[in-house]
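Q: Take this structure, written in structure tokens, and hold onto it; I'll ask about it next.
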Amino acid sequence: FLQVAERELFMQFGWDWLDYHKSGRIVAPDEGGANGQDDPTRPWAEVRIDFASPDGQVQGTYEARVEVECTLAAPPRTGSAETYPYPQYVVTQARFIPTAAYRLTPQPLLQTMATT
């Protein structure tokens, strides 16, 4: 579940994300539908990732709920006649909580090169 949440952050920050300092944990695991409200066929977890850029200019926390949306039946290896149900994950809720050190000026996600 944490890898799915981290994928979202990688898409947000790009290749720079690989150099960020980060720590993640599952804060609310699925109890298998124990509360009577959750769909037992859609396991989920609420996760939290704390992160900071190497220079400390970008810091924050990302909280997300990750669910198994469905499964995809595929062979576990080439040439296999049998299939295995591989879970397909989706982030259904997310929020970004910047820390005080977060740069408040808007930063472009993509930089364009000026033509001369």
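Naming scheme: A, B, ... for chains in displayed order of the structure tokens; residues 1 onward per chain; ligands 1 onward as shown.
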Hey, what's within 6 Å of Ala64 in chain A if we count only C-alpha atoms and toss same-chain stuff fewer than 3 positions away? As JSON, numbers by chain, please?
A: {"A": [46, 47, 93, 94]}
Q: Within 7 Å of Gln88 in chain A, counting only C-alpha atoms, which residues qualify if same-chain residues fewer than 3 places away don't, as a ChimeraX atom specification?
A: /A:68-72
Q: For the residues in that selection, give me C-alpha atoms as a PDB file, in the first residue's frame.
A:
ATOM      1  CA  VAL A  68      -7.556  -2.660  -3.992  1.00  0.00           C
ATOM      2  CA  GLU A  69      -9.806  -1.620  -6.870  1.00  0.00           C
ATOM      3  CA  CYS A  70      -9.953  -4.989  -8.591  1.00  0.00           C
ATOM      4  CA  THR A  71      -7.782  -7.950  -9.500  1.00  0.00           C
ATOM      5  CA  LEU A  72      -6.277  -8.768 -12.855  1.00  0.00           C
TER       6      LEU A  72
END
Q: Show which residues sit within 8 Å of Ile26 in chain A, as a ChimeraX atom specification. Count only C-alpha atoms, and ignore same-chain residues fewer than 2 positions away.
A: /A:1-2,24,28-29,45-48
Q: Write the residues you've just listed into a file as a PDB file, in the first residue's frame, and include C-alpha atoms for each of them.
A:
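Full text of result-v7.pdb as output:
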ATOM      1  CA  PHE A   1       0.000   0.000   0.000  1.00  0.00           C
ATOM      2  CA  LEU A   2       2.862   2.394   0.776  1.00  0.00           C
ATOM      3  CA  GLY A  24       6.280   5.875   5.630  1.00  0.00           C
ATOM      4  CA  ALA A  28      -4.930   2.352   9.725  1.00  0.00           C
ATOM      5  CA  PRO A  29      -4.901  -1.157   8.296  1.00  0.00           C
ATOM      6  CA  ALA A  45      -5.010   0.843   4.204  1.00  0.00           C
ATOM      7  CA  GLU A  46      -4.512   4.435   5.297  1.00  0.00           C
ATOM      8  CA  VAL A  47      -0.864   5.415   4.951  1.00  0.00           C
ATOM      9  CA  ARG A  48       1.331   8.356   5.887  1.00  0.00           C
TER      10      ARG A  48
END
Q: Would you list, as a PyMOL selection string, the residues of range 19-72 of chain A that end up in strand (DSSP E or B) under DSSP run on this structure's backbone?
A: chain A and resi 21-29+44-52+59-72
Q: Measuring between only C-alpha atoms, which one of A:Gly56, A:Asp30, A:Tyr86, A:Val4 shows the shortest distance to Trp44 in chain A?
A: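 Closest to Trp44 in chain A of all the choices is A:Asp30.
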Q: Using CA of Arg42 in chain A and CA of Tyr62 in chain A as the two end points, give the distance in Å to one decimal.
A: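 CA of Arg42 in chain A sits 22.0 Å away from CA of Tyr62 in chain A.
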Q: By how many Å are CA of Gly60 in chain A and CA of Glu31 in chain A apart?
A: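 A separation of 27.9 Å between them.
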Q: Would you please give, as a PyMOL selection string, all residues of range 9-105 of chain A that DSSP assigns to alpha helix (DSSP H) based on the backbone?
A: chain A and resi 9-13
Q: Which residue is closest to Glu6 in chain A? Choose from A:Ala81, A:Lys22, A:Ala74, A:Pro87 and count only C-alpha atoms.
A: A:Lys22
Q: Compile the contact shell of Phe10 in chain A as a list in words: residues with an atom at most 12 Å away, counting only C-alpha atoms, same-chain residues fewer than 6 positions apart removed.
A: Gln3, Val4, Asp16, Trp17, Leu18, Asp19, Tyr20, Lys22, Phe51 and Tyr62 of chain A
